[in-house]
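Below is one structure, written out as structure tokens; the observations come after it.
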Amino acid sequence: MSRNSVVRSGAKAAAIVVVSLAVAGPAMAQDAPADPVIAIVDGEPITEADLRLAAQDLGGALEQLPPEQRMLGLINGLIDIRLMARAAEAADLDEDAEAQRRLGFVRDRALRAEYLRVNVFEAITDEKVQEIYDAQVAAFVPEEEIRASHILVETEAEAVALIAELDGGADFAQLAKDSSIDLGSGANGGDLDFFGRGRMIPPFEEAAFALESGSYTKTPVQSDFGWHIILAVDKRMSSPPTMEDLGPGLREAAARDLFLAALEELRAAAEIEIIEPEGEPAGEAEADGDAPAAPQ
């Protein structure tokens with residue numbers, strides 16, 4: 001497998017978890033200036049910063065406790081961890097080869113989190129978010145949207161009768177409230193709000209977009225739900241989403257961009273060789289589009 005293949009596979013794996021990293025990252029960066037001592041175990045302090053770190057690891061277990069017991073449970077859990085860790089050191093268990101391997105992995109994960117905090121999460125500026133938003137707006141392609149109302153009934157005969165009433169001057173919204181079996185829209189006079197192509201079932205969509213604003217279907221439109229009478233209320237071209245519409249997605253996109261850029265730079269500067277496992281043809285994983293999930 002070539003270095004370029006390794007970079008592509010690694011970037012793909014990283015993208016799988018970058019959103020969760022974007023959520024977890026800010027929490028790691030919010031250390032308080034002061035670090036009060038919460039407990040002392042054999043002369044060794046446990047501080048609020050220790051508790052915050054432990055909470056990230058023990059969060060699932062803490063959720064099983066009543067809210068009023070979680071803080072005490074967290075403190076006792078950290079005390080237990082500290083006691084057992086020191087007992088393991090006293091028994092020289094930390095000198096075991098497998099223990100050394102595990103400790104090395106935990107250290108690498110902690111350093112990785114710090115690297116992400118400094119080079120990804122703290123690097124997400126308002127300017128970077130604005131840049132991503134501007135790029136999305138520039139790539140936005142407006143499409144036709146229609147605001148439609150409908151009356152849904154069970155039989156064609158019912159629909160034909162209602163169209164006759166509309167031709168005679170009946171109010172569409174009132175007929176929808178009185179007759180539509182689509183209770184949700186019926187209560188709102190049949191209003192379905194604005195929608196673009198691909199949002200509705202094909203027969204309905206085709207008939208709706210064929211109408212001029214202010215007109216309704218002169219023949220019933222059949223679908224799997226029944227028979228529709230459709231009124232085109234208004235038409236417009238869609239507008240790009242606002243920054244408020246996109247919300248946290250913009251910062252997640254910024255985190256993803258910074259994450260992948262940092263990863264590509266690191267991989268490009270490294271000497272990486274992957275030894276293919278016995279029995280697995282070279283390139284099979286890449287051909288299948290699979291990549292190992294990056295650790296969280």
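Residue numbering restarts at 1 in every chain; chains get A, B, ... in the order shown in the structure tokens, and ligands count up from 1 in that same order.
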
- Nearby residues (only C-alpha atoms) at most 12 Å from Gly43 of chain A, same-chain spacing under 6 positions excluded, as a list in words: Val37, Arg82 and Leu83 of chain A

Output C-alpha atoms for every residue in the selection just made, as a PDB file, in the first residue's frame.
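Contents of out09.pdb, freshly written:
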```pdb
ATOM      1  CA  VAL A  37      -8.520  20.240  46.257  1.00  0.00           C
ATOM      2  CA  ARG A  82      -6.057   6.202  42.734  1.00  0.00           C
ATOM      3  CA  LEU A  83      -5.840   3.527  45.464  1.00  0.00           C
TER       4      LEU A  83
END
```

Using only C-alpha atoms, tabulate the residues of segment 196-280 of chain A lying at most 9 Å from any atom of segment 120-140 of chain A, each with its closest atom pair and that distance in Å to one decimal, by chain and increasing residue number, as a tab-separated table.
```
residue	atom	partner	partner_atom	distance
A:Ser239	CA	A:Phe140	CA	8.4
A:Pro240	CA	A:Val137	CA	6.0
A:Pro241	CA	A:Val137	CA	7.6
A:Thr242	CA	A:Tyr133	CA	8.6
A:Met243	CA	A:Tyr133	CA	6.9
A:Leu246	CA	A:Tyr133	CA	8.7
A:Leu250	CA	A:Val129	CA	6.0
A:Arg251	CA	A:Val129	CA	6.1
A:Ala253	CA	A:Ile132	CA	7.5
A:Ala254	CA	A:Val129	CA	6.2
A:Ala255	CA	A:Val120	CA	6.0
A:Arg256	CA	A:Val120	CA	8.5
A:Asp257	CA	A:Val120	CA	8.9
A:Leu258	CA	A:Val120	CA	5.6
A:Phe259	CA	A:Val120	CA	6.0
A:Ala262	CA	A:Val120	CA	8.1
```

- Using only C-alpha atoms, determine which residues lie at most 10 Å from Gln174 of chain A, disregarding the query and same-chain residues fewer than 6 positions distant; provide the list as an NGL selection string. :A and (180 or 186-190)

Can you write just those residues out, N, CA and C atoms, as an mmCIF file, in the first residue's frame?
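Final output, selection_35.cif:
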```cif
data_model
loop_
_atom_site.group_PDB
_atom_site.id
_atom_site.type_symbol
_atom_site.label_atom_id
_atom_site.label_comp_id
_atom_site.auth_asym_id
_atom_site.auth_seq_id
_atom_site.Cartn_x
_atom_site.Cartn_y
_atom_site.Cartn_z
ATOM 1 N N SER A 180 -60.895 17.370 4.437
ATOM 2 C CA SER A 180 -59.631 16.666 4.210
ATOM 3 C C SER A 180 -59.409 15.582 5.268
ATOM 4 N N GLY A 186 -55.099 19.698 7.172
ATOM 5 C CA GLY A 186 -56.494 20.125 7.109
ATOM 6 C C GLY A 186 -56.826 21.163 8.154
ATOM 7 N N ALA A 187 -56.300 20.982 9.362
ATOM 8 C CA ALA A 187 -56.562 21.940 10.435
ATOM 9 C C ALA A 187 -56.002 23.314 10.112
ATOM 10 N N ASN A 188 -55.006 23.357 9.206
ATOM 11 C CA ASN A 188 -54.401 24.626 8.788
ATOM 12 C C ASN A 188 -54.891 25.058 7.406
ATOM 13 N N GLY A 189 -56.071 24.618 7.047
ATOM 14 C CA GLY A 189 -56.624 24.991 5.761
ATOM 15 C C GLY A 189 -55.946 24.301 4.592
ATOM 16 N N GLY A 190 -55.282 23.169 4.862
ATOM 17 C CA GLY A 190 -54.602 22.419 3.803
ATOM 18 C C GLY A 190 -53.182 22.860 3.540
#
```

- Using only C-alpha atoms: which of A:Asp171, A:Asp57, A:Glu252, A:Asp245 has the shortest distance to Val106 of chain A: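 Ranking A:Asp171, A:Asp57, A:Glu252, A:Asp245 by distance to Val106 of chain A, first place goes to A:Asp57.
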
- Assign secondary structure with DSSP using the backbone only, and return the residues of segment 24-222 of chain A in helix (DSSP H, G or I) as a ChimeraX atom specification. /A:24-28,48-62,67-90,93-95,97-121,126-139,156-167,172-179,183-186,202-210

- Task: Write out as a ChimeraX atom specification which residues come within 12 Å of segment 86-101 of chain A when counting only C-alpha atoms, dropping same-chain ones fewer than 5 positions away.
- Result: /A:41-42,44,79-81,106-108

- What does the distance between atom CA of Leu116 of chain A and atom CA of Leu266 of chain A come to in Å, to one decimal place?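 It comes out at 12.6 Å.
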
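Atom CA of Lys177 of chain A sits 19.8 Å away from atom CA of Gln222 of chain A.
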
- Give me the residues within 7 Å of Leu152 of chain A as a VMD selection string, counting only C-alpha atoms and dropping any in the same chain fewer than 3 places off. chain A and resid 180 to 182 226 to 229

- Task: For Val233 of chain A, work out the shell of residues within 6 Å, counting only C-alpha atoms and skipping chain neighbours fewer than 6 positions away, then give it as a list in words.
- Result: Arg147, Ala148, Ser213 and Gly214 of chain A

- Nearest to Leu211 of chain A among A:Leu260, A:Leu183, A:Ser149, A:Asp224, with distances taken over only C-alpha atoms: which residue is it?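 Result for the nearest residue to Leu211 of chain A: A:Ser149.
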
- Could you state the separation of atom CA of Met84 of chain A and atom CA of Leu51 of chain A in Å, given to one decimal place?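 We find that atom CA of Met84 of chain A and atom CA of Leu51 of chain A lie 16.7 Å from each other.
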
- Run DSSP on the backbone and give me the residues of segment 43-289 of chain A it puts in strand (DSSP E), as a PyMOL selection string. chain A and resi 44-47+144-153+191-196+221-223+226-237

- Leu162 of chain A surroundings by only C-alpha atoms, 12 Å radius, close-in-sequence under 2 positions cut, as a PyMOL selection string: chain A and resi 150-153+155-160+164-176+178-180+216-220+227-230

- Message: When you count only C-alpha atoms, which of these residues is closest to Pro45 of chain A: A:Met237, A:Leu58, A:Leu78, A:Val221?
- Response: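 Of all the options, A:Leu78 lies closest to Pro45 of chain A.
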